[in-house]
Every structure is written in C-alpha cells, then in structure tokens.
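The structure file my_file.cif is reproduced below (mmCIF, C-alpha atoms and all ligand atoms).
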data_target
loop_
_atom_site.label_atom_id
_atom_site.label_comp_id
_atom_site.auth_asym_id
_atom_site.auth_seq_id
_atom_site.Cartn_x
_atom_site.Cartn_y
_atom_site.Cartn_z
CA MET A 26 114.30 54.66 92.56
CA GLY A 27 113.58 51.07 93.48
CA PHE A 28 114.61 47.87 91.89
CA GLN A 29 112.88 46.73 88.73
CA TRP A 30 112.28 43.02 88.43
CA ASP A 31 113.12 41.60 85.04
CA GLU A 32 112.56 38.22 83.41
CA LYS A 33 116.32 37.81 83.17
CA TYR A 34 116.37 37.28 86.95
CA SER A 35 113.91 34.43 86.74
CA THR A 36 115.11 31.06 88.07
CA GLY A 37 112.09 29.16 86.74
CA ASN A 38 111.14 28.44 90.36
CA ASN A 39 108.25 30.67 91.45
CA GLU A 40 108.96 30.33 95.16
CA ILE A 41 112.63 31.30 94.74
CA ASP A 42 111.70 34.22 92.47
CA LYS A 43 109.22 35.38 95.11
CA GLN A 44 111.94 35.22 97.76
CA HIS A 45 114.39 37.15 95.56
CA LYS A 46 111.72 39.81 95.00
CA GLN A 47 111.21 40.00 98.75
CA ILE A 48 114.92 40.64 99.25
CA PHE A 49 114.74 43.45 96.70
CA THR A 50 111.78 44.87 98.62
CA TYR A 51 114.03 44.91 101.70
CA LEU A 52 116.63 46.84 99.72
CA ASP A 53 114.02 49.31 98.50
CA ASP A 54 112.96 49.81 102.10
CA LEU A 55 116.59 50.45 103.05
CA GLU A 56 116.88 53.07 100.33
CA ALA A 57 113.70 54.81 101.46
CA HIS A 58 114.93 54.91 105.06
CA MET A 59 118.37 56.16 104.05
CA LYS A 60 116.74 59.20 102.46
CA GLN A 61 115.05 60.08 105.74
CA GLY A 62 118.15 59.33 107.83
CA ALA A 63 117.96 55.83 109.28
CA SER A 64 118.32 55.47 113.06
CA LEU A 65 120.52 52.84 114.69
CA LYS A 66 117.40 51.22 116.08
CA TRP A 67 115.89 50.89 112.62
CA VAL A 68 119.13 49.67 111.02
CA THR A 69 119.62 47.07 113.78
CA HIS A 70 116.09 45.79 113.24
CA PHE A 71 116.51 45.87 109.47
CA MET A 72 119.79 43.92 109.47
CA THR A 73 118.35 41.29 111.82
CA ALA A 74 115.22 40.83 109.69
CA LEU A 75 117.11 40.75 106.38
CA GLY A 76 119.73 38.40 107.82
CA LEU A 77 117.07 35.94 108.97
CA TYR A 78 115.15 36.13 105.72
CA THR A 79 118.30 35.64 103.66
CA ARG A 80 119.43 32.64 105.70
CA THR A 81 116.04 30.97 105.27
CA HIS A 82 116.05 31.75 101.56
CA PHE A 83 119.56 30.35 101.09
CA CYS A 84 118.59 27.09 102.82
CA PHE A 85 115.54 26.75 100.62
CA GLU A 86 117.51 27.43 97.46
CA GLU A 87 120.31 25.05 98.43
CA ILE A 88 117.80 22.24 98.97
CA CYS A 89 116.22 22.93 95.54
CA MET A 90 119.62 22.80 93.85
CA ARG A 91 120.59 19.58 95.60
CA ARG A 92 117.26 18.00 94.73
CA THR A 93 117.52 18.87 91.06
CA LYS A 94 121.23 17.93 91.01
CA CYS A 95 122.10 21.36 89.77
CA PRO A 96 125.80 21.46 88.71
CA VAL A 97 126.34 24.80 90.49
CA ALA A 98 124.88 23.57 93.81
CA ASP A 99 128.24 23.51 95.63
CA LYS A 100 129.32 26.83 94.21
CA ASN A 101 125.98 28.32 95.23
CA LYS A 102 126.40 27.11 98.79
CA GLN A 103 129.96 28.46 98.92
CA GLN A 104 128.86 31.88 97.72
CA HIS A 105 126.02 31.95 100.25
CA GLY A 106 128.52 31.23 103.03
CA LYS A 107 130.74 34.09 101.85
CA LEU A 108 127.85 36.53 101.67
CA LEU A 109 126.69 35.66 105.18
CA LYS A 110 130.21 36.23 106.55
CA ILE A 111 130.38 39.69 104.97
CA PHE A 112 126.83 40.41 106.12
CA ASP A 113 127.71 39.50 109.73
CA LYS A 114 130.77 41.75 109.54
CA ALA A 115 128.61 44.67 108.39
CA GLN A 116 126.19 44.00 111.24
CA LYS A 117 129.07 44.14 113.74
CA ARG A 118 130.35 47.35 112.21
CA PHE A 119 126.96 49.02 112.77
CA GLU A 120 127.10 47.90 116.40
CA LYS A 121 130.62 49.26 116.84
CA GLU A 122 130.64 52.37 114.67
CA GLY A 123 126.98 53.32 114.72
CA VAL A 124 125.10 54.42 111.62
CA SER A 125 126.82 56.63 109.05
CA ASP A 126 125.91 57.47 105.48
CA GLU A 127 129.20 55.97 104.31
CA LEU A 128 128.58 52.63 105.97
CA LEU A 129 124.96 52.51 104.83
CA ILE A 130 125.93 53.24 101.23
CA GLU A 131 128.70 50.65 101.39
CA VAL A 132 126.30 47.99 102.67
CA GLN A 133 123.57 48.96 100.20
CA ASN A 134 125.95 48.87 97.21
CA PHE A 135 127.44 45.59 98.28
CA LEU A 136 124.08 43.88 98.84
CA THR A 137 122.55 45.12 95.59
CA SER A 138 125.50 44.26 93.36
CA TRP A 139 126.10 40.95 95.11
CA LEU A 140 122.50 39.89 94.76
CA VAL A 141 122.15 40.85 91.10
CA ASN A 142 125.46 39.17 90.20
CA HIS A 143 124.67 36.08 92.18
CA ILE A 144 121.19 35.66 90.72
CA MET A 145 122.46 36.21 87.18
CA LYS A 146 125.52 33.94 87.45
CA ILE A 147 124.38 31.19 89.79
CA ASP A 148 120.70 31.08 90.64
CA VAL A 149 119.48 31.20 87.02
CA HIS A 150 121.07 27.77 86.51
CA LEU A 151 118.06 26.40 88.35
CA LYS A 152 116.04 26.97 85.22
CA ALA A 153 117.86 24.28 83.28
CA CYS A 154 117.95 21.91 86.27
CA ALA A 155 114.23 22.08 86.88
CA LYS A 156 113.49 20.79 83.41
FE FE A 201 121.88 31.48 95.48
#
As structure tokens, what does this structure read like?
Amino acid sequence: MGFQWDEKYSTGNNEIDKQHKQIFTYLDDLEAHMKQGASLKWVTHFMTALGLYTRTHFCFEEICMRRTKCPVADKNKQQHGKLLKIFDKAQKRFEKEGVSDELLIEVQNFLTSWLVNHIMKIDVHLKACAK
C-alpha cells in the first residue's frame, strides 16, 4: 500500500517535510515487514531507530516554531511529549509481551493516524509563520 505524500501535508519548510516523509518511509517499512512476519529482533531495532529519528525531528521542529514565533509552538511541544510517552509504552510492551500481530497493528494504526492528524492540525501552521 504505502503512504502517499500530498501537498496538504506541506509545512512550507522543506527540511521538515523531508523529515515527515522519512517517518512515513519508516511506516512503509513497518508495513512491509508485518506482511512477512516481523521478528522481535527487527521490531526492537525498528522501534529504536524510529524513536531516535522522531525525537531528533521533534527537536528540530520545535526550534523552528519557536524561532518563527508560531502560535501553536507550545501545543506542538505538548503533543510531541504525549506521543513520545505512548511510543515508549509501546516499546516496553514489545519487550514484555513479544511481537504479536495485534500489537503491531495497534502500534501501526496509532502512529499513522497520530502523524497524519498532527501534521494536518499542528505542523501545517508553520506555513503561515514562515512568511
Ligand atoms: Fe509537530
């Protein structure tokens, strides 16, 4: 299937758009591996890599919003904090419960819907701030 990038996700900041696209590439990779039956080793590696990438991306985005005095800067930071908490919980569940289709689907659905919603509701505000 894969995620289709659309102009409506654009934040007007090329670097941030590139990072968002990279996160969607991670999710595509997850989907591909789920079809083949992802191992715990792969999932552990995947969650660590995506977690690191996302943290770096959030920092970058938060700095951009602060710099441009974006009115949603605080809200953005709050939402990032919430996402990371849920992400860490999912990571711990994989460690404790191991890999199951149910847990993988739950994590995949959550990440995809969270990201799309967050980009559409919060990150796109950057467009107006950058001007
Ligand atoms: Fe954001």
Smallest atom-to-atom distance to Leu52 (chain A): which of A:Ser125, A:Asn38, A:Thr137, A:Asn142, using all atoms listed in the file? A:Thr137
Output the neighbourhood of ligand FE 201 (chain A) as a PDB file with C-alpha atoms, in the frame of the given file, that is, all protein and nucleic acid residues with some atom at most 8 Å from the ligand, counting all atoms listed in the file.
ATOM      1  CA  PHE A  83     119.560  30.350 101.090  1.00  0.00           C
ATOM      2  CA  GLU A  86     117.510  27.430  97.460  1.00  0.00           C
ATOM      3  CA  GLU A  87     120.310  25.050  98.430  1.00  0.00           C
ATOM      4  CA  ASN A 101     125.980  28.320  95.230  1.00  0.00           C
ATOM      5  CA  LYS A 102     126.400  27.110  98.790  1.00  0.00           C
ATOM      6  CA  GLN A 104     128.860  31.880  97.720  1.00  0.00           C
ATOM      7  CA  HIS A 105     126.020  31.950 100.250  1.00  0.00           C
ATOM      8  CA  HIS A 143     124.670  36.080  92.180  1.00  0.00           C
ATOM      9  CA  ILE A 144     121.190  35.660  90.720  1.00  0.00           C
ATOM     10  CA  ILE A 147     124.380  31.190  89.790  1.00  0.00           C
ATOM     11  CA  ASP A 148     120.700  31.080  90.640  1.00  0.00           C
TER      12      ASP A 148
END
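As for CA of Leu65 (chain A) and CA of Lys107 (chain A), they are spaced 24.9 Å apart.
Closest approach to Tyr78 (chain A) among A:Val124, A:Met90, A:Phe49, A:Val141 is made by A:Phe49 (distances from all atoms listed in the file).
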Neighbourhood query: residues within 12 Å of (125.9, 36.4, 108.4), file coordinates, counting only C-alpha atoms; return as an mmCIF file with C-alpha atoms, keeping the file's coordinate frame.
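Resulting contents of part16.cif:
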data_model
loop_
_atom_site.group_PDB
_atom_site.id
_atom_site.type_symbol
_atom_site.label_atom_id
_atom_site.label_comp_id
_atom_site.auth_asym_id
_atom_site.auth_seq_id
_atom_site.Cartn_x
_atom_site.Cartn_y
_atom_site.Cartn_z
ATOM 1 C CA MET A 72 119.790 43.920 109.470
ATOM 2 C CA THR A 73 118.350 41.290 111.820
ATOM 3 C CA ALA A 74 115.220 40.830 109.690
ATOM 4 C CA LEU A 75 117.110 40.750 106.380
ATOM 5 C CA GLY A 76 119.730 38.400 107.820
ATOM 6 C CA LEU A 77 117.070 35.940 108.970
ATOM 7 C CA TYR A 78 115.150 36.130 105.720
ATOM 8 C CA THR A 79 118.300 35.640 103.660
ATOM 9 C CA ARG A 80 119.430 32.640 105.700
ATOM 10 C CA THR A 81 116.040 30.970 105.270
ATOM 11 C CA PHE A 83 119.560 30.350 101.090
ATOM 12 C CA GLN A 104 128.860 31.880 97.720
ATOM 13 C CA HIS A 105 126.020 31.950 100.250
ATOM 14 C CA GLY A 106 128.520 31.230 103.030
ATOM 15 C CA LYS A 107 130.740 34.090 101.850
ATOM 16 C CA LEU A 108 127.850 36.530 101.670
ATOM 17 C CA LEU A 109 126.690 35.660 105.180
ATOM 18 C CA LYS A 110 130.210 36.230 106.550
ATOM 19 C CA ILE A 111 130.380 39.690 104.970
ATOM 20 C CA PHE A 112 126.830 40.410 106.120
ATOM 21 C CA ASP A 113 127.710 39.500 109.730
ATOM 22 C CA LYS A 114 130.770 41.750 109.540
ATOM 23 C CA ALA A 115 128.610 44.670 108.390
ATOM 24 C CA GLN A 116 126.190 44.000 111.240
ATOM 25 C CA LYS A 117 129.070 44.140 113.740
#
Determine the nearest neighbour of Thr93 (chain A) from the options A:Lys152, A:Ala57, A:Lys33, A:Phe28, counting all atoms listed in the file. A:Lys152
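For the residues A:Thr36, A:Leu128, A:Asp99, A:Ile41, ranking by smallest atom-to-atom distance to His150 (chain A) using only C-alpha atoms places A:Thr36 first.
Proximity to Tyr51 (chain A) was assessed for A:Phe71, A:Leu151, A:Ala63, A:Arg118 counting all atoms listed in the file; the smallest distance is recorded for A:Phe71.
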Using only C-alpha atoms, find the one residue out of A:Leu140, A:Val132, A:Ala98, A:Ala153 that sits nearest to Met59 (chain A). A:Val132
Within 10 Å of Cys154 (chain A), counting only C-alpha atoms, which residues qualify if same-chain residues fewer than 6 places away don't, as a PyMOL selection string? chain A and resi 36-37+89-97
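One distance worth recording is that between CA of Glu131 (chain A) and CA of Lys100 (chain A), which is 24.9 Å.
Separating CA of Ile130 (chain A) from CA of His82 (chain A) is a distance of 23.7 Å.
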